[in-house]
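Trainee: Input file: entry-v3.cif. Contents: mmCIF, C-alpha atoms and all ligand atoms.
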```cif
data_start
#
loop_
_atom_site.label_atom_id
_atom_site.label_comp_id
_atom_site.auth_asym_id
_atom_site.auth_seq_id
_atom_site.Cartn_x
_atom_site.Cartn_y
_atom_site.Cartn_z
CA MET A 1 271.34 67.53 1.68
CA ARG A 2 267.88 67.19 0.25
CA ARG A 3 264.75 65.59 1.65
CA PHE A 4 263.68 63.75 -1.49
CA ASP A 5 265.59 62.38 -4.47
CA LEU A 6 262.58 62.13 -6.75
CA VAL A 7 259.37 64.15 -6.93
CA ALA A 8 256.48 63.05 -9.17
CA PHE A 9 253.67 65.38 -10.17
CA ASP A 10 250.11 64.95 -11.37
CA VAL A 11 249.08 67.43 -14.12
CA ASP A 12 245.38 68.42 -14.20
CA GLY A 13 244.59 70.30 -10.99
CA THR A 14 248.25 70.20 -9.87
CA LEU A 15 250.47 71.72 -12.57
CA VAL A 16 247.57 72.92 -14.73
CA GLU A 17 244.42 74.69 -13.57
CA HIS A 18 240.99 75.51 -14.94
CA PRO A 19 238.74 78.22 -13.47
CA GLU A 20 236.05 75.59 -12.74
CA ASP A 21 238.52 72.77 -11.95
CA LYS A 22 237.80 70.95 -15.22
CA THR A 23 240.30 68.49 -16.67
CA VAL A 24 241.61 68.58 -20.23
CA TRP A 25 239.17 65.73 -21.04
CA GLN A 26 236.16 67.76 -19.93
CA VAL A 27 237.42 70.84 -21.79
CA LEU A 28 237.93 68.94 -25.07
CA ASN A 29 234.71 66.94 -24.81
CA GLU A 30 232.79 70.15 -24.25
CA ARG A 31 234.52 71.85 -27.17
CA PHE A 32 234.17 69.02 -29.71
CA THR A 33 230.96 67.26 -28.64
CA GLY A 34 229.07 70.17 -27.09
CA SER A 35 228.91 68.61 -23.64
CA ASP A 36 231.11 67.27 -20.87
CA ASP A 37 228.37 65.16 -19.23
CA GLN A 38 229.99 62.01 -20.63
CA ASN A 39 232.98 62.48 -18.29
CA ARG A 40 230.86 61.77 -15.22
CA GLU A 41 229.04 58.86 -16.87
CA ARG A 42 232.24 57.30 -18.20
CA LEU A 43 234.00 57.66 -14.85
CA ALA A 44 231.07 55.85 -13.20
CA SER A 45 231.20 53.09 -15.84
CA TYR A 46 234.96 52.78 -15.36
CA ARG A 47 234.59 52.54 -11.58
CA ALA A 48 231.83 49.94 -11.97
CA GLY A 49 234.11 47.84 -14.20
CA ARG A 50 231.91 48.26 -17.28
CA LEU A 51 234.43 50.38 -19.22
CA SER A 52 238.18 49.89 -19.45
CA TYR A 53 240.47 52.90 -19.19
CA ALA A 54 241.71 52.36 -22.76
CA ASP A 55 238.12 52.17 -24.08
CA TRP A 56 237.27 55.34 -22.18
CA VAL A 57 240.21 57.15 -23.80
CA ALA A 58 239.13 55.78 -27.21
CA LEU A 59 235.55 57.04 -26.75
CA ASP A 60 236.76 60.54 -25.89
CA ILE A 61 239.55 60.97 -28.45
CA GLY A 62 237.53 59.09 -31.09
CA SER A 63 234.71 61.63 -30.71
CA TRP A 64 237.12 64.53 -31.23
CA ARG A 65 238.48 62.84 -34.35
CA GLU A 66 234.91 62.31 -35.63
CA ALA A 67 234.28 66.00 -35.05
CA GLY A 68 237.26 66.71 -37.35
CA ALA A 69 239.43 68.18 -34.58
CA ARG A 70 243.02 68.78 -35.65
CA ARG A 71 246.11 69.43 -33.55
CA ASP A 72 245.73 73.23 -33.83
CA ASP A 73 242.05 72.99 -32.83
CA LEU A 74 242.99 71.02 -29.72
CA VAL A 75 245.68 73.55 -28.82
CA ARG A 76 243.19 76.42 -29.26
CA ALA A 77 240.64 74.58 -27.12
CA PHE A 78 243.17 74.40 -24.26
CA GLU A 79 242.60 78.14 -23.84
CA PRO A 80 240.84 78.03 -20.41
CA LEU A 81 243.64 75.80 -19.04
CA ARG A 82 246.68 77.50 -17.54
CA LEU A 83 249.96 76.44 -16.02
CA VAL A 84 249.57 76.97 -12.27
CA ARG A 85 251.45 80.02 -11.04
CA GLY A 86 254.88 79.08 -9.76
CA ALA A 87 254.99 75.69 -11.55
CA ALA A 88 258.10 76.55 -13.58
CA GLU A 89 259.89 78.05 -10.55
CA THR A 90 258.96 75.10 -8.30
CA THR A 91 260.23 72.45 -10.69
CA ALA A 92 263.36 74.51 -11.51
CA CYS A 93 264.14 74.86 -7.80
CA LEU A 94 263.89 71.09 -7.28
CA LYS A 95 265.97 70.45 -10.37
CA ARG A 96 268.73 72.79 -9.13
CA ARG A 97 268.94 70.69 -5.99
CA GLY A 98 269.50 67.57 -8.06
CA VAL A 99 266.01 66.12 -7.53
CA ARG A 100 264.80 63.82 -10.33
CA LEU A 101 261.40 64.92 -11.62
CA ALA A 102 258.55 62.93 -13.14
CA VAL A 103 255.02 63.42 -14.40
CA ILE A 104 252.55 60.59 -13.76
CA SER A 105 249.27 61.75 -15.18
CA GLY A 106 246.09 60.91 -17.01
CA THR A 107 246.43 64.10 -19.04
CA LEU A 108 247.39 64.40 -22.72
CA ASP A 109 251.00 64.82 -23.85
CA LEU A 110 249.90 67.72 -26.08
CA LEU A 111 248.63 69.70 -23.07
CA LEU A 112 251.92 69.46 -21.19
CA ASP A 113 253.92 70.22 -24.37
CA THR A 114 251.71 73.25 -25.06
CA LEU A 115 251.54 74.80 -21.60
CA PHE A 116 254.98 73.78 -20.35
CA PRO A 117 257.15 73.29 -23.48
CA ASP A 118 260.44 73.75 -21.62
CA HIS A 119 259.46 71.55 -18.69
CA PRO A 120 262.33 69.95 -16.75
CA PHE A 121 260.78 66.49 -16.20
CA ASP A 122 263.12 63.52 -16.59
CA GLU A 123 260.26 61.09 -17.13
CA VAL A 124 256.76 61.79 -18.45
CA TYR A 125 253.90 59.29 -18.32
CA THR A 126 250.68 60.57 -19.94
CA ASN A 127 248.18 59.61 -22.60
CA ARG A 128 249.55 60.28 -26.08
CA ILE A 129 248.00 61.36 -29.38
CA GLU A 130 249.67 60.97 -32.78
CA PHE A 131 248.76 63.33 -35.61
CA ASP A 132 249.27 62.94 -39.35
CA SER A 133 251.11 65.51 -41.48
CA GLU A 134 247.87 67.52 -41.85
CA GLY A 135 247.41 67.63 -38.08
CA ARG A 136 244.54 65.11 -38.10
CA ILE A 137 244.28 62.69 -35.18
CA GLU A 138 245.88 59.49 -36.46
CA SER A 139 246.07 57.30 -33.36
CA TRP A 140 246.47 57.40 -29.61
CA CYS A 141 248.01 55.43 -26.81
CA ALA A 142 246.14 55.20 -23.51
CA THR A 143 248.46 55.34 -20.52
CA PRO A 144 248.44 52.28 -18.26
CA PHE A 145 249.69 54.61 -15.50
CA ASP A 146 246.57 56.51 -14.43
CA MET A 147 244.40 55.53 -11.42
CA GLU A 148 245.83 52.30 -9.88
CA GLY A 149 248.62 52.47 -12.46
CA LYS A 150 250.07 55.64 -10.91
CA ALA A 151 251.61 53.57 -8.10
CA GLU A 152 253.04 51.13 -10.62
CA ALA A 153 254.68 54.00 -12.52
CA LEU A 154 256.11 55.52 -9.33
CA ARG A 155 257.54 52.14 -8.30
CA ALA A 156 259.07 51.60 -11.75
CA ILE A 157 260.66 55.07 -11.92
CA ALA A 158 262.01 54.80 -8.36
CA SER A 159 263.50 51.41 -9.10
CA ARG A 160 265.08 52.61 -12.36
CA GLU A 161 266.53 55.66 -10.62
CA GLY A 162 267.72 53.56 -7.68
CA VAL A 163 265.72 55.67 -5.22
CA PRO A 164 263.79 54.06 -2.32
CA LEU A 165 260.10 55.00 -2.20
CA SER A 166 260.72 56.64 1.17
CA ARG A 167 262.80 59.26 -0.71
CA CYS A 168 260.10 59.82 -3.36
CA ALA A 169 257.46 62.51 -2.97
CA PHE A 170 254.25 62.83 -4.94
CA VAL A 171 252.19 65.97 -5.54
CA GLY A 172 248.57 65.49 -6.63
CA ASP A 173 245.03 66.66 -6.08
CA HIS A 174 242.39 64.02 -6.75
CA SER A 175 241.06 60.47 -6.45
CA ASN A 176 243.03 59.17 -9.44
CA ASP A 177 246.21 59.97 -7.44
CA LEU A 178 245.39 57.78 -4.45
CA SER A 179 247.45 54.73 -5.45
CA ALA A 180 250.64 56.78 -5.84
CA ALA A 181 249.80 58.85 -2.76
CA ARG A 182 249.66 55.68 -0.65
CA ILE A 183 253.19 54.50 -1.51
CA ALA A 184 255.17 57.75 -1.81
CA GLY A 185 257.43 58.73 1.09
CA LEU A 186 255.45 61.96 1.28
CA THR A 187 252.36 63.05 -0.59
CA VAL A 188 251.51 66.71 -0.83
CA ALA A 189 247.83 67.25 -1.62
CA PHE A 190 247.74 70.49 -3.62
CA ASN A 191 244.31 72.13 -3.62
CA PRO A 192 242.74 68.70 -2.95
CA LYS A 193 239.46 67.90 -4.70
CA CYS A 194 238.57 64.82 -2.64
CA ALA A 195 238.62 63.94 1.05
CA GLU A 196 240.56 60.68 0.56
CA ILE A 197 243.72 62.33 -0.74
CA GLU A 198 243.61 64.87 2.08
CA ALA A 199 243.30 62.03 4.57
CA ILE A 200 246.39 60.14 3.36
CA ALA A 201 248.57 63.14 2.42
CA GLY A 202 251.45 64.08 4.69
CA ALA A 203 250.84 67.72 3.83
CA VAL A 204 247.91 69.67 2.43
CA VAL A 205 248.58 72.92 0.59
CA ARG A 206 245.80 75.23 -0.52
CA SER A 207 247.24 77.99 -2.65
CA ALA A 208 247.14 79.70 -6.04
CA ASP A 209 250.93 79.26 -6.24
CA LEU A 210 252.67 75.90 -6.52
CA ARG A 211 255.78 77.32 -4.81
CA ASP A 212 253.92 76.82 -1.54
CA VAL A 213 254.62 73.06 -1.79
CA LEU A 214 258.39 73.68 -1.67
CA PRO A 215 258.74 73.96 2.13
CA HIS A 216 257.50 70.33 2.30
CA LEU A 217 259.88 69.07 -0.38
CA VAL A 218 263.24 70.76 0.17
MG MG B 301 244.70 65.92 -10.97
#
```
Is it possible to give me this structure as structure tokens?
Mentor:
Amino acid sequence: MRRFDLVAFDVDGTLVEHPEDKTVWQVLNERFTGSDDQNRERLASYRAGRLSYADWVALDIGSWREAGARRDDLVRAFEPLRLVRGAAETTACLKRRGVRLAVISGTLDLLLDTLFPDHPFDEVYTNRIEFDSEGRIESWCATPFDMEGKAEALRAIASREGVPLSRCAFVGDHSNDLSAARIAGLTVAFNPKCAEIEAIAGAVVRSADLRDVLPHLV
């Protein structure tokens, strides 16, 4: 017996942490443009409908490419970001119980591959960067599954896996998780950064260790 057949995770703030709660976008913008002020401005433009998500991704990654950032430079710049304590044990525990695991995130594929190379996720939805043979940024693919798209991804995965949404759980921390949080059978807000996710979550966990979500999931 298990409580959920599928558990989907956010990445920044949920599986990965920063001492000042910055996302990978803020960290890389700061490193390659000297400032992360644009994150706030671009989020506001996105919310106001003046900037599409894909254009926002292009502005950020395009500025790193202009700065000459290569794959190794990006990996080095991830330095203040860490896998949350207990993330590997938590996902391994769910996996052992036969739970299908997914990532639905607005992070970068390179961050997950760098910090959690042996991750057990069956499905991974993130933004993606392609590099050329010299490690230069060649192209990117903006995920359609951040913000409102997170719910769409959860629905699609659940349907493919033949799992009703009532048997899907979602673990996230912030406002870009709200759409998925609304439709999951249970949402665990892990160290929530906004009041809305706390309000709709079935459980709120404040901890330095992700294993503290397990009592709600197994
Ligand atoms: Mg997050």
Trainee: In Å, with one decimal, what is the gap from CA of Asn127 in chain A to CA of Leu94 in chain A?
Mentor: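 One can read the CA of Asn127 in chain A to CA of Leu94 in chain A distance as 24.8 Å.
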Trainee: Under the rule that all atoms listed in the file are counted, which of A:Arg206, A:Arg97, A:His18, A:Arg70 is the nearest residue to ligand MG 301 (chain B)?
Mentor: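 Checking each candidate against ligand MG 301 (chain B), we get A:His18 as the closest.
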Trainee: I want to know what sits within 12 Å of Glu79 in chain A, based on all atoms listed in the file, with residues of the same chain fewer than 6 positions away left out; could you give that as a list in words?
Mentor: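 In the requested form, the answer reads Val16, Glu17, His18, Pro19, Val24, Val27, Leu28, Arg31, Asp72, Asp73, Leu111, Thr114 and Leu115 of chain A.
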Trainee: Write a file of the just-selected residues containing C-alpha atoms, as a PDB file, in the frame of the given file.
Mentor:
```
ATOM      1  CA  VAL A  16     247.570  72.920 -14.730  1.00  0.00           C
ATOM      2  CA  GLU A  17     244.420  74.690 -13.570  1.00  0.00           C
ATOM      3  CA  HIS A  18     240.990  75.510 -14.940  1.00  0.00           C
ATOM      4  CA  PRO A  19     238.740  78.220 -13.470  1.00  0.00           C
ATOM      5  CA  VAL A  24     241.610  68.580 -20.230  1.00  0.00           C
ATOM      6  CA  VAL A  27     237.420  70.840 -21.790  1.00  0.00           C
ATOM      7  CA  LEU A  28     237.930  68.940 -25.070  1.00  0.00           C
ATOM      8  CA  ARG A  31     234.520  71.850 -27.170  1.00  0.00           C
ATOM      9  CA  ASP A  72     245.730  73.230 -33.830  1.00  0.00           C
ATOM     10  CA  ASP A  73     242.050  72.990 -32.830  1.00  0.00           C
ATOM     11  CA  LEU A 111     248.630  69.700 -23.070  1.00  0.00           C
ATOM     12  CA  THR A 114     251.710  73.250 -25.060  1.00  0.00           C
ATOM     13  CA  LEU A 115     251.540  74.800 -21.600  1.00  0.00           C
TER      14      LEU A 115
END
```
Trainee: Could you give me, as a ChimeraX atom specification, every polymer residue with an atom at most 9 Å away from an atom of ligand MG 301 (chain B), counting only C-alpha atoms and all ligand atoms?
Mentor: /A:10-16,23,105-107,172-177,192-193
Trainee: So which one's closest to Ala151 in chain A, A:Leu186, A:Ala48, A:Leu83, A:Ala180? Using all atoms listed in the file, please.
Mentor: A:Ala180
Trainee: Any idea what the distance is between CA of Glu138 in chain A and CA of Leu74 in chain A?
Mentor: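 Interatomic distance, CA of Glu138 in chain A to CA of Leu74 in chain A: 13.7 Å.
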